[in-house]
$ cat query-v5.txt   # compact mmCIF, C-alpha atoms
# COMPACT_ATOMS: atom_id res chain seq x y z
CA MET A 297 -106.02 -120.81 -9.93
CA PRO A 298 -103.33 -119.16 -12.14
CA ILE A 299 -104.80 -120.22 -15.51
CA ALA A 300 -108.18 -121.33 -16.83
CA GLN A 301 -109.22 -124.90 -16.05
CA TYR A 302 -109.85 -125.53 -19.76
CA ILE A 303 -106.27 -124.56 -20.61
CA GLN A 304 -104.94 -126.57 -17.66
CA ASN A 305 -106.77 -129.65 -18.93
CA SER A 306 -105.59 -129.02 -22.48
CA LEU A 307 -101.96 -128.72 -21.41
CA ALA A 308 -102.16 -132.16 -19.87
CA SER A 309 -103.00 -133.64 -23.26
CA SER A 310 -101.23 -131.13 -25.50
CA SER A 311 -99.82 -131.99 -28.89
CA ALA A 312 -97.69 -135.14 -28.91
CA ILE A 313 -96.03 -133.78 -32.05
CA ARG A 314 -94.72 -130.69 -30.27
CA LYS A 315 -93.58 -132.75 -27.29
CA LEU A 316 -91.61 -135.07 -29.55
CA PHE A 317 -90.23 -132.12 -31.50
CA GLU A 318 -88.87 -130.62 -28.27
CA GLU A 319 -87.58 -134.00 -27.15
CA GLY A 320 -85.83 -134.39 -30.49
CA ALA A 321 -84.10 -131.04 -30.07
CA ALA A 322 -82.77 -132.17 -26.69
CA LEU A 323 -81.57 -135.50 -28.09
CA LYS A 324 -79.79 -133.77 -30.98
CA LYS A 325 -78.01 -131.50 -28.55
CA ARG A 326 -76.91 -134.52 -26.53
CA TYR A 327 -75.99 -136.97 -29.30
CA GLY A 328 -75.53 -134.79 -32.39
CA ALA A 329 -78.05 -133.95 -35.11
CA ASP A 330 -76.76 -136.67 -37.44
CA LYS A 331 -77.35 -139.37 -34.81
CA VAL A 332 -81.01 -138.58 -34.13
CA PHE A 333 -83.71 -139.62 -36.59
CA ASP A 334 -86.48 -137.14 -35.94
CA PHE A 335 -89.57 -137.85 -38.02
CA SER A 336 -91.97 -136.18 -35.61
CA ILE A 337 -93.10 -132.92 -37.18
CA GLY A 338 -94.31 -131.90 -40.64
CA ASN A 339 -91.94 -128.96 -40.94
CA PRO A 340 -90.77 -128.92 -44.58
CA ASP A 341 -87.02 -128.69 -45.00
CA VAL A 342 -87.30 -128.21 -48.78
CA GLU A 343 -86.60 -124.57 -49.54
CA PRO A 344 -89.29 -122.43 -51.19
CA PRO A 345 -89.00 -122.19 -55.00
CA ALA A 346 -86.75 -119.52 -56.49
CA ALA A 347 -89.82 -117.60 -57.64
CA PHE A 348 -90.75 -117.01 -53.99
CA HIS A 349 -87.41 -115.41 -53.14
CA GLU A 350 -87.57 -113.23 -56.25
CA ALA A 351 -91.09 -112.03 -55.49
CA LEU A 352 -90.33 -111.51 -51.80
CA THR A 353 -87.24 -109.37 -52.34
CA ARG A 354 -88.88 -107.34 -55.10
CA LEU A 355 -92.06 -106.64 -53.15
CA ALA A 356 -90.14 -105.93 -49.94
CA ARG A 357 -88.43 -103.07 -51.78
CA ASP A 358 -91.77 -101.65 -52.87
CA ASP A 359 -92.20 -98.41 -50.96
CA ALA A 360 -95.62 -97.56 -52.37
CA LYS A 361 -97.70 -95.71 -49.81
CA GLY A 362 -99.84 -98.08 -47.73
CA SER A 363 -97.95 -101.24 -48.70
CA HIS A 364 -97.80 -102.35 -45.08
CA GLY A 365 -100.97 -100.81 -43.73
CA TYR A 366 -104.42 -102.18 -43.08
CA MET A 367 -106.50 -103.41 -45.96
CA PRO A 368 -110.05 -104.84 -45.92
CA ASN A 369 -110.18 -107.63 -43.34
CA ALA A 370 -110.79 -110.19 -46.10
CA GLY A 371 -107.53 -109.22 -47.81
CA PHE A 372 -106.38 -107.11 -50.74
CA PRO A 373 -109.10 -107.22 -53.44
CA ASP A 374 -106.63 -107.99 -56.24
CA VAL A 375 -105.07 -110.80 -54.19
CA ARG A 376 -108.49 -112.34 -53.54
CA GLU A 377 -109.21 -112.29 -57.27
CA ARG A 378 -106.00 -114.13 -58.10
CA ILE A 379 -106.55 -116.71 -55.36
CA ALA A 380 -110.13 -117.21 -56.56
CA ARG A 381 -108.84 -118.05 -60.04
CA LYS A 382 -106.39 -120.55 -58.54
CA ALA A 383 -109.06 -122.21 -56.37
CA GLY A 384 -111.47 -122.18 -59.30
CA ARG A 385 -109.00 -124.08 -61.49
CA GLU A 386 -108.34 -126.66 -58.79
CA HIS A 387 -112.02 -127.21 -58.02
CA THR A 388 -113.45 -126.77 -61.52
CA VAL A 389 -115.74 -123.91 -60.52
CA ASP A 390 -116.15 -120.29 -61.56
CA ILE A 391 -115.63 -118.06 -58.52
CA ASP A 392 -114.32 -114.55 -58.02
CA GLY A 393 -112.69 -112.66 -55.18
CA SER A 394 -115.98 -112.28 -53.34
CA HIS A 395 -115.74 -116.01 -52.53
CA VAL A 396 -112.30 -115.73 -50.88
CA VAL A 397 -111.01 -114.57 -47.50
CA MET A 398 -107.26 -114.49 -46.94
CA ALA A 399 -106.30 -116.34 -43.76
CA VAL A 400 -103.45 -116.65 -41.30
CA GLY A 401 -102.55 -120.14 -42.45
CA ALA A 402 -104.95 -123.06 -42.72
CA ALA A 403 -105.15 -123.33 -38.93
CA GLY A 404 -106.28 -119.73 -38.70
CA GLY A 405 -108.69 -120.30 -41.57
CA LEU A 406 -110.29 -123.33 -39.90
CA ASN A 407 -110.79 -121.40 -36.68
CA VAL A 408 -112.43 -118.60 -38.66
CA VAL A 409 -114.76 -121.10 -40.35
CA PHE A 410 -115.78 -122.76 -37.09
CA LYS A 411 -116.24 -119.41 -35.34
CA THR A 412 -118.61 -118.49 -38.17
CA ILE A 413 -120.72 -121.65 -38.48
CA LEU A 414 -120.89 -123.24 -35.00
CA ASN A 415 -123.54 -122.70 -32.38
CA THR A 416 -122.84 -124.04 -28.90
CA GLY A 417 -123.22 -127.83 -28.96
CA ASP A 418 -123.09 -128.15 -32.73
CA GLU A 419 -121.26 -131.19 -34.05
CA VAL A 420 -118.43 -131.51 -36.55
CA ILE A 421 -117.89 -135.01 -37.95
CA VAL A 422 -114.30 -136.01 -38.73
CA PRO A 423 -113.01 -139.35 -40.03
CA THR A 424 -110.38 -140.99 -37.85
CA PRO A 425 -107.43 -140.83 -37.93
CA PHE A 426 -107.22 -137.03 -38.14
CA PHE A 427 -104.87 -134.13 -37.46
CA MET A 428 -104.93 -133.87 -33.68
CA GLU A 429 -105.39 -130.09 -33.49
CA TYR A 430 -108.89 -130.44 -34.99
CA ARG A 431 -110.09 -131.22 -31.47
CA ALA A 432 -108.99 -127.79 -30.26
CA TYR A 433 -110.18 -125.93 -33.35
CA VAL A 434 -113.73 -127.23 -32.85
CA SER A 435 -113.84 -126.90 -29.06
CA ASN A 436 -112.45 -123.36 -29.34
CA HIS A 437 -115.88 -122.40 -30.68
CA ASN A 438 -118.04 -124.54 -28.37
CA GLY A 439 -118.49 -127.32 -30.89
CA ILE A 440 -118.31 -131.08 -30.40
CA LEU A 441 -116.00 -133.21 -32.53
CA VAL A 442 -117.64 -136.47 -33.59
CA GLU A 443 -115.04 -139.07 -34.56
CA VAL A 444 -116.05 -141.63 -37.21
CA PRO A 445 -113.55 -144.38 -38.10
CA ALA A 446 -112.34 -144.48 -41.70
CA SER A 447 -112.46 -147.68 -43.71
CA ALA A 448 -109.68 -150.24 -43.46
CA ASP A 449 -107.78 -148.57 -46.31
CA PHE A 450 -108.29 -145.12 -44.72
CA ASN A 451 -110.86 -144.03 -47.27
CA LEU A 452 -113.96 -142.22 -46.02
CA ASP A 453 -116.60 -144.61 -44.69
CA VAL A 454 -119.62 -142.77 -46.06
CA SER A 455 -122.11 -145.21 -44.54
CA ALA A 456 -120.61 -144.67 -41.09
CA ILE A 457 -120.66 -140.89 -41.56
CA ARG A 458 -124.29 -141.02 -42.71
CA ALA A 459 -125.20 -142.93 -39.56
CA ARG A 460 -123.75 -140.18 -37.36
CA LEU A 461 -125.50 -137.26 -39.05
CA THR A 462 -128.02 -135.47 -36.81
CA PRO A 463 -129.81 -132.09 -36.83
CA LYS A 464 -126.85 -130.87 -34.72
CA THR A 465 -124.33 -131.69 -37.47
CA ALA A 466 -122.92 -128.37 -38.64
CA ALA A 467 -120.11 -129.75 -40.80
CA VAL A 468 -118.09 -132.71 -41.98
CA LEU A 469 -114.37 -131.96 -41.92
CA ILE A 470 -112.11 -133.79 -44.37
CA ASN A 471 -108.41 -133.55 -45.19
CA SER A 472 -107.05 -134.78 -48.54
CA PRO A 473 -104.20 -135.51 -49.17
CA HIS A 474 -104.47 -136.77 -45.64
CA ASN A 475 -102.41 -136.20 -42.52
CA PRO A 476 -101.39 -138.71 -41.15
CA THR A 477 -102.08 -141.45 -43.74
CA GLY A 478 -101.26 -139.79 -47.07
CA ARG A 479 -104.64 -140.96 -48.47
CA ILE A 480 -106.34 -139.03 -51.28
CA TYR A 481 -110.12 -139.40 -51.24
CA PRO A 482 -111.39 -140.58 -54.65
CA GLU A 483 -113.90 -138.55 -56.63
CA LYS A 484 -116.44 -141.36 -56.30
CA THR A 485 -116.17 -141.24 -52.51
CA LEU A 486 -116.61 -137.47 -52.40
CA ALA A 487 -119.68 -137.76 -54.63
CA ALA A 488 -121.15 -140.37 -52.29
CA LEU A 489 -120.49 -138.12 -49.29
CA ALA A 490 -122.11 -135.17 -51.07
CA ALA A 491 -125.18 -137.31 -51.79
CA ALA A 492 -125.41 -138.35 -48.14
CA LEU A 493 -125.17 -134.74 -46.95
CA THR A 494 -127.76 -133.62 -49.50
CA GLU A 495 -130.16 -136.38 -48.47
CA HIS A 496 -129.68 -135.53 -44.80
CA GLY A 497 -130.24 -131.82 -45.40
CA ALA A 498 -133.42 -132.48 -47.33
CA SER A 499 -134.77 -134.66 -44.52
CA CYS A 500 -134.06 -132.35 -41.59
CA GLY A 501 -133.78 -128.91 -43.18
CA ARG A 502 -130.12 -128.37 -42.25
CA PHE A 503 -127.49 -129.03 -44.89
CA PRO A 504 -124.12 -129.58 -43.19
CA TYR A 505 -121.12 -127.79 -44.62
CA LEU A 506 -118.38 -129.88 -46.17
CA VAL A 507 -115.14 -128.28 -44.94
CA ALA A 508 -112.01 -129.42 -46.80
CA ASP A 509 -108.61 -128.77 -45.19
CA GLU A 510 -106.20 -128.82 -48.14
CA PRO A 511 -102.65 -127.68 -47.32
CA TYR A 512 -101.23 -130.76 -49.09
CA ARG A 513 -103.29 -130.52 -52.29
CA GLU A 514 -100.25 -129.90 -54.48
CA ILE A 515 -98.13 -132.65 -52.94
CA ALA A 516 -99.58 -135.71 -54.66
CA TYR A 517 -97.93 -138.75 -56.28
CA ASN A 518 -99.39 -140.06 -59.53
CA THR A 519 -102.92 -139.46 -58.25
CA ALA A 520 -104.99 -136.37 -59.00
CA VAL A 521 -106.66 -134.70 -56.03
CA PRO A 522 -110.37 -134.46 -56.90
CA PRO A 523 -112.20 -131.14 -56.53
CA VAL A 524 -114.54 -130.41 -53.62
CA LEU A 525 -116.23 -127.09 -54.40
CA SER A 526 -117.85 -128.51 -57.54
CA VAL A 527 -119.11 -131.67 -55.81
CA TYR A 528 -121.35 -130.24 -53.09
CA GLY A 529 -123.05 -126.87 -52.89
CA GLU A 530 -122.41 -126.20 -49.20
CA SER A 531 -118.64 -126.62 -49.45
CA ILE A 532 -115.78 -124.56 -48.02
CA VAL A 533 -112.10 -125.10 -48.78
CA VAL A 534 -109.34 -123.97 -46.43
CA SER A 535 -105.75 -124.06 -47.63
CA SER A 536 -102.33 -122.58 -47.01
CA TYR A 537 -98.88 -122.19 -48.50
CA SER A 538 -97.14 -123.96 -45.62
CA LYS A 539 -96.48 -127.13 -47.59
CA ASN A 540 -96.74 -126.46 -51.33
CA LEU A 541 -94.40 -123.43 -51.07
CA SER A 542 -92.62 -124.51 -47.85
CA LEU A 543 -93.77 -121.41 -45.95
CA PRO A 544 -95.13 -122.76 -42.64
CA GLY A 545 -93.61 -119.95 -40.61
CA GLU A 546 -95.13 -117.21 -42.76
CA ARG A 547 -98.70 -118.17 -41.78
CA ILE A 548 -100.48 -117.39 -45.02
CA GLY A 549 -103.50 -119.16 -46.50
CA TYR A 550 -107.06 -118.65 -47.62
CA ILE A 551 -110.69 -119.70 -47.33
CA ALA A 552 -112.72 -120.25 -50.52
CA VAL A 553 -116.45 -120.98 -50.58
CA GLY A 554 -118.30 -122.74 -53.36
CA PRO A 555 -120.27 -120.84 -56.00
CA HIS A 556 -123.59 -122.35 -54.94
CA ILE A 557 -123.27 -121.97 -51.17
CA SER A 558 -126.50 -120.87 -49.52
CA HIS A 559 -126.70 -117.48 -47.81
CA LYS A 560 -123.41 -116.50 -49.38
CA THR A 561 -123.54 -112.90 -48.16
CA ASP A 562 -124.08 -113.97 -44.55
CA VAL A 563 -121.38 -116.64 -44.77
CA MET A 564 -118.79 -114.28 -46.24
CA ASN A 565 -119.64 -111.48 -43.82
CA GLY A 566 -119.36 -113.98 -40.98
CA LEU A 567 -115.94 -115.19 -42.14
CA ILE A 568 -114.69 -111.62 -42.46
CA TYR A 569 -116.05 -110.64 -39.04
CA ALA A 570 -114.53 -113.75 -37.42
CA THR A 571 -111.17 -112.94 -38.98
CA ARG A 572 -111.28 -109.58 -37.26
CA VAL A 573 -112.58 -110.53 -33.82
CA LEU A 574 -110.39 -113.61 -33.43
CA GLY A 575 -107.52 -111.16 -33.43
CA PHE A 576 -106.04 -111.99 -36.81
CA VAL A 577 -107.52 -108.72 -38.20
CA ASN A 578 -106.13 -109.65 -41.62
CA ALA A 579 -103.60 -111.99 -43.17
CA PRO A 580 -100.03 -110.61 -43.39
CA ALA A 581 -99.92 -107.88 -46.03
CA LEU A 582 -96.55 -108.70 -47.58
CA MET A 583 -97.24 -112.43 -47.78
CA GLN A 584 -100.61 -111.79 -49.42
CA ARG A 585 -98.92 -109.91 -52.23
CA VAL A 586 -96.17 -112.52 -52.56
CA VAL A 587 -98.41 -115.59 -52.86
CA ALA A 588 -100.71 -113.78 -55.27
CA GLU A 589 -97.80 -113.84 -57.73
CA LEU A 590 -97.09 -117.53 -57.15
CA THR A 591 -100.41 -119.21 -57.91
CA GLY A 592 -98.67 -121.49 -60.40
CA ALA A 593 -95.58 -122.25 -58.31
CA ARG A 594 -94.85 -125.08 -55.89
CA VAL A 595 -91.96 -127.02 -54.40
CA THR A 596 -90.60 -129.96 -56.37
CA VAL A 597 -92.80 -132.91 -55.46
CA ASP A 598 -90.22 -135.34 -56.86
CA VAL A 599 -88.06 -134.66 -53.80
CA TYR A 600 -90.77 -135.98 -51.51
CA ALA A 601 -91.44 -138.93 -53.82
CA ARG A 602 -87.79 -139.97 -53.58
CA ARG A 603 -87.86 -139.65 -49.81
CA ARG A 604 -91.05 -141.67 -49.60
CA ASP A 605 -89.47 -144.45 -51.63
CA ALA A 606 -86.29 -144.35 -49.55
CA PHE A 607 -88.29 -144.54 -46.32
CA LYS A 608 -90.37 -147.42 -47.64
CA GLN A 609 -87.14 -149.32 -48.30
CA VAL A 610 -86.02 -148.67 -44.73
CA LEU A 611 -89.32 -149.88 -43.29
CA ASP A 612 -89.51 -152.89 -45.60
CA SER A 613 -86.02 -153.93 -44.55
CA ALA A 614 -86.98 -153.62 -40.89
CA GLY A 615 -90.12 -155.69 -41.41
CA LEU A 616 -92.64 -152.91 -40.71
CA THR A 617 -95.89 -152.45 -42.62
CA TYR A 618 -97.52 -149.15 -43.53
CA ALA A 619 -100.26 -147.43 -45.48
CA GLU A 620 -99.17 -146.49 -49.00
CA PRO A 621 -99.14 -142.65 -49.15
CA GLU A 622 -100.71 -141.08 -52.21
CA GLY A 623 -99.86 -137.53 -51.16
CA ALA A 624 -98.50 -135.32 -48.35
CA PHE A 625 -95.23 -136.44 -46.72
CA TYR A 626 -96.13 -138.94 -44.01
CA LEU A 627 -95.91 -142.69 -43.60
CA PHE A 628 -98.48 -144.21 -41.28
CA VAL A 629 -96.80 -147.32 -39.89
CA LYS A 630 -98.41 -150.25 -38.11
CA ALA A 631 -97.02 -151.03 -34.68
CA PRO A 632 -95.54 -154.56 -34.79
CA ASP A 633 -97.60 -157.47 -33.49
CA ALA A 634 -95.23 -157.78 -30.56
CA ALA A 635 -96.46 -154.41 -29.37
CA GLY A 636 -99.99 -155.73 -29.06
CA GLY A 637 -101.31 -152.62 -30.77
CA ASP A 638 -99.62 -150.36 -28.21
CA ASP A 639 -98.26 -147.53 -30.35
CA ALA A 640 -97.03 -145.52 -27.35
CA ARG A 641 -94.99 -148.48 -26.13
CA PHE A 642 -93.41 -148.96 -29.54
CA SER A 643 -92.74 -145.22 -29.84
CA ASP A 644 -90.95 -145.28 -26.48
CA HIS A 645 -88.87 -148.24 -27.64
CA LEU A 646 -87.87 -146.41 -30.82
CA LYS A 647 -86.66 -143.45 -28.76
CA LYS A 648 -84.03 -145.73 -27.22
CA HIS A 649 -82.67 -146.04 -30.75
CA LEU A 650 -82.99 -142.26 -31.30
CA ILE A 651 -85.95 -142.63 -33.66
CA LEU A 652 -88.89 -140.29 -33.15
CA GLY A 653 -92.36 -141.04 -34.53
CA VAL A 654 -95.74 -139.84 -33.29
CA PRO A 655 -98.07 -142.44 -31.73
CA GLY A 656 -101.24 -142.89 -33.74
CA THR A 657 -103.40 -142.60 -30.62
CA SER A 658 -102.81 -138.85 -30.86
CA PHE A 659 -104.56 -138.96 -34.25
CA GLY A 660 -107.41 -141.12 -32.98
CA ALA A 661 -105.93 -144.35 -34.38
CA SER A 662 -104.23 -146.59 -31.85
CA GLY A 663 -101.78 -149.19 -33.09
CA TRP A 664 -100.11 -146.91 -35.64
CA LEU A 665 -97.28 -144.37 -35.72
CA ARG A 666 -96.78 -141.40 -38.01
CA PHE A 667 -93.36 -140.65 -39.50
CA ALA A 668 -92.82 -137.39 -41.38
CA TYR A 669 -90.36 -137.68 -44.26
CA CYS A 670 -89.89 -133.96 -44.87
CA VAL A 671 -86.28 -134.40 -43.76
CA ASP A 672 -83.06 -134.86 -45.70
CA GLU A 673 -82.87 -138.17 -47.54
CA THR A 674 -79.51 -138.93 -45.92
CA ILE A 675 -81.21 -138.96 -42.50
CA ILE A 676 -83.87 -141.34 -43.79
CA ARG A 677 -81.33 -143.78 -45.22
CA ALA A 678 -79.08 -143.50 -42.17
CA SER A 679 -81.96 -144.58 -39.94
CA ALA A 680 -82.09 -148.06 -41.50
CA ASP A 681 -79.71 -149.72 -39.03
CA SER A 682 -81.47 -148.15 -36.07
CA PHE A 683 -84.87 -149.37 -37.26
CA LYS A 684 -83.45 -152.89 -37.73
CA LYS A 685 -81.88 -152.89 -34.26
CA ALA A 686 -85.07 -151.58 -32.74
CA MET A 687 -87.05 -154.41 -34.29
CA GLU A 688 -84.46 -157.01 -33.27
CA THR A 689 -84.61 -155.92 -29.63
CA PHE A 690 -88.37 -155.45 -29.39
CA PRO A 691 -90.09 -156.35 -27.09
CA ALA A 692 -87.30 -157.83 -25.03
CA SER A 693 -85.61 -154.54 -24.08
$ encode --input "query-v5.txt" --output "C-alpha cells"
Amino acid sequence: MPIAQYIQNSLASSSAIRKLFEEGAALKKRYGADKVFDFSIGNPDVEPPAAFHEALTRLARDDAKGSHGYMPNAGFPDVRERIARKAGREHTVDIDGSHVVMAVGAAGGLNVVFKTILNTGDEVIVPTPFFMEYRAYVSNHNGILVEVPASADFNLDVSAIRARLTPKTAAVLINSPHNPTGRIYPEKTLAALAAALTEHGASCGRFPYLVADEPYREIAYNTAVPPVLSVYGESIVVSSYSKNLSLPGERIGYIAVGPHISHKTDVMNGLIYATRVLGFVNAPALMQRVVAELTGARVTVDVYARRRDAFKQVLDSAGLTYAEPEGAFYLFVKAPDAAGGDDARFSDHLKKHLILGVPGTSFGASGWLRFAYCVDETIIRASADSFKKAMETFPAS
C-alpha cells in the first residue's frame, strides 16, 4: 500500500471547499474569471491595512542580529506580552505573556491544543454545523468528535450539549462569529454553557475545556462579540490574523488561556511542547514581530457589510432564504424546497450556471449551502441573473 489507510480514507472525503476551489479555477480558465461566480472559499480579497505594509517593510529591513533565528518555542517574549494585552482587552481579563503561545495560524493552534489535552478516545463536543476541518484536527490526536445540532437559529443548544457530556468529554469547541452561519453566540448563551460545564465538572471531577476558535472576532456587524476567557475558568482561545488583517497565507496566530485555568504551568508547558513536536517549532519570526505592532489594526469591516447586503439582495431576488449573518463573511443559504433538502444536488445545479457554493453536508448540516462573500462586490452583483436562471430551471434541468 503506497500511503497509510487513514490518509487514503481521508482523501476520499477530503475538503469539499478545496475541491470546489480547484474546480472554480478550471472553470475560470475555460470561461473567463468574470463569468464564474466562485463563492467557495473564505480567502479574503480585501488587502491588509496600510499599517501592515508599513510594519512589514520596516521590520524586513531590520538587520539586528538574530532577527530571523530561533526564539523560545512559545514566541518572542515581548510579542507574547503585546498579544496578551490584546486578548485581555477582548475578553475582559488580566493576563500576561505567560498565558500566550504564538501559533502557526488558528489551524496550527487548534492542533496544538488538541495534542496537549486529548487522551486516546477523549471526546470533543462541537455544535453542528461546524468548520469541516475540525474532524481532522480532533482525529489527528486520537480524539472523537461528538456532533451536537445547534438550535433552529444556529445558536448553541446548551441543553443538548449538556446531555452529551460524559467523563470522556475533554472539551467543547465553539466558533463565534461562526463559519458557516455568521452567528455570534450571545453572552447569555455562553454563561449558560459555562454553568453546564461547571456543573458537569463538579459531578464527575473532570471540567471540560471550552475552546473558542476566533479568527473572525473582529469581523462583526452591529453586534459585539462576547468574551470567553472571563466566562469560564477552563477556557482557551485560539485566533489568527488570517481574516481580521487578511493574512491567511502568512499563517500567524496565537493561543491564549484564561487567568483561572487549572494546572496552568502544565497546560502552558504542554502547549509549548506540542508546538515543537508537531513540527511547527515556533510561529514565523517576522510575522510575530509584525502583528505585535498591529494589535489595534484590522481590515475595514464596512466592505464586508456592503457585500453582505449586496448578496442578500441577489438571494432575495432569486427567492432563496438564508440565515442572517452577524459576523464573518458567509451566507448560509437554504436549499430550495424543490431540492428536497438535497444540498449536493442543488450545488451541482448551480455549477451549470457557473455558481460555486459549498454543500452544507460538508459542515454537518444537510439542506444548506455556504457562500463566501469575500469577493469583489461586482462579482456578487453580476451573479444575480445566474442565480435567477438557476432557480427558474430547477429542478427541471
$ atom_distance --input "query-v5.txt" --atom1 "atom CA of Val468 of chain A" --atom2 "atom CA of Asp638 of chain A"
29.0 Å
$ residues_around --input "query-v5.txt" --residues "Leu616 of chain A" --least-positions-apart "3" --cutoff "9 Å" --atoms "all atoms listed in the file" --output "PyMOL selection string"
chain A and resi 610-613+629-632+687
$ residues_near_point --input "query-v5.txt" --point "(-89.7, -142.1, -48.2)" --cutoff "10 Å" --atoms "all atoms listed in the file" --output "list in words"
Val599, Tyr600, Ala601, Arg602, Arg603, Arg604, Asp605, Ala606, Phe607, Lys608, Gln609, Val610, Leu611, Pro621, Phe625, Tyr626, Leu627, Phe667, Ala668, Tyr669, Cys670, Val671, Glu673, Ile676 and Arg677 of chain A
$ residues_near_point --input "query-v5.txt" --point "(-107.1, -119.7, -56.6)" --cutoff "10 Å" --atoms "only C-alpha atoms" --output "list in words"
Val375, Arg376, Glu377, Arg378, Ile379, Ala380, Arg381, Lys382, Ala383, Gly384, Arg385, Glu386, His387, Ile391, Asp392, Gly393, Val396, Tyr550, Ile551, Ala552, Ala588, Thr591 and Gly592 of chain A
$ residues_around --input "query-v5.txt" --residues "Arg547 of chain A" --least-positions-apart "3" --cutoff "6 Å" --atoms "only C-alpha atoms" --output "list in words"
Val400, Gly401 and Pro544 of chain A
$ axis_aligned_box --input "query-v5.txt" --around "segment 432-442 of chain A" --padding-each-side "5 Å" --output "JSON"
{"center_x": -113.7, "center_y": -129.4, "center_z": -31.0, "size_x": 19.5, "size_y": 24.1, "size_z": 15.2}
$ residues_around --input "query-v5.txt" --residues "Tyr528 of chain A" --least-positions-apart "5" --cutoff "12 Å" --atoms "all atoms listed in the file" --output "list of chain:residue names"
A:His387, A:Val389, A:Val468, A:Glu483, A:Leu486, A:Ala487, A:Ala488, A:Leu489, A:Ala490, A:Ala491, A:Ala492, A:Leu493, A:Thr494, A:Glu495, A:Gly497, A:Phe503, A:Pro504, A:Tyr505, A:Leu506, A:Val507, A:Ala508, A:Pro523, A:Val533, A:Val553, A:Gly554, A:Pro555, A:His556, A:Ile557, A:Ser558
$ residues_around --input "query-v5.txt" --residues "segment 474-480 of chain A" --least-positions-apart "4" --cutoff "7 Å" --atoms "all atoms listed in the file" --output "VMD selection string"
chain A and resid 426 to 427 450 521 619 621 to 628 666
$ decode --input "query-v5.txt" --residues "segment 376-407 of chain A" --atoms "C-alpha atoms" --output "PDB file, in the first residue's frame"
ATOM      1  CA  ARG A 376       3.517  37.444  23.772  1.00  0.00           C
ATOM      2  CA  GLU A 377       3.098  40.371  26.161  1.00  0.00           C
ATOM      3  CA  ARG A 378       1.510  42.552  23.492  1.00  0.00           C
ATOM      4  CA  ILE A 379      -0.805  39.776  22.323  1.00  0.00           C
ATOM      5  CA  ALA A 380      -1.787  39.095  25.943  1.00  0.00           C
ATOM      6  CA  ARG A 381      -2.855  42.722  26.327  1.00  0.00           C
ATOM      7  CA  LYS A 382      -4.924  42.469  23.146  1.00  0.00           C
ATOM      8  CA  ALA A 383      -6.606  39.216  24.228  1.00  0.00           C
ATOM      9  CA  GLY A 384      -7.135  40.636  27.705  1.00  0.00           C
ATOM     10  CA  ARG A 385      -8.991  43.651  26.310  1.00  0.00           C
ATOM     11  CA  GLU A 386     -11.194  41.483  24.111  1.00  0.00           C
ATOM     12  CA  HIS A 387     -12.028  39.018  26.876  1.00  0.00           C
ATOM     13  CA  THR A 388     -12.102  41.425  29.826  1.00  0.00           C
ATOM     14  CA  VAL A 389      -9.405  39.585  31.762  1.00  0.00           C
ATOM     15  CA  ASP A 390      -5.978  40.460  33.108  1.00  0.00           C
ATOM     16  CA  ILE A 391      -3.400  38.140  31.544  1.00  0.00           C
ATOM     17  CA  ASP A 392       0.258  38.487  30.655  1.00  0.00           C
ATOM     18  CA  GLY A 393       2.597  36.859  28.162  1.00  0.00           C
ATOM     19  CA  SER A 394       2.831  33.690  30.228  1.00  0.00           C
ATOM     20  CA  HIS A 395      -0.746  32.926  29.110  1.00  0.00           C
ATOM     21  CA  VAL A 396       0.057  33.134  25.383  1.00  0.00           C
ATOM     22  CA  VAL A 397       1.694  30.842  22.834  1.00  0.00           C
ATOM     23  CA  MET A 398       2.207  32.150  19.310  1.00  0.00           C
ATOM     24  CA  ALA A 399       0.812  29.740  16.720  1.00  0.00           C
ATOM     25  CA  VAL A 400       1.053  28.928  13.038  1.00  0.00           C
ATOM     26  CA  GLY A 401      -2.424  30.216  12.306  1.00  0.00           C
ATOM     27  CA  ALA A 402      -5.589  29.174  14.122  1.00  0.00           C
ATOM     28  CA  ALA A 403      -5.469  25.734  12.484  1.00  0.00           C
ATOM     29  CA  GLY A 404      -1.999  25.160  13.864  1.00  0.00           C
ATOM     30  CA  GLY A 405      -3.118  26.493  17.227  1.00  0.00           C
ATOM     31  CA  LEU A 406      -6.095  24.130  17.426  1.00  0.00           C
ATOM     32  CA  ASN A 407      -3.897  21.150  16.617  1.00  0.00           C
TER      33      ASN A 407
END
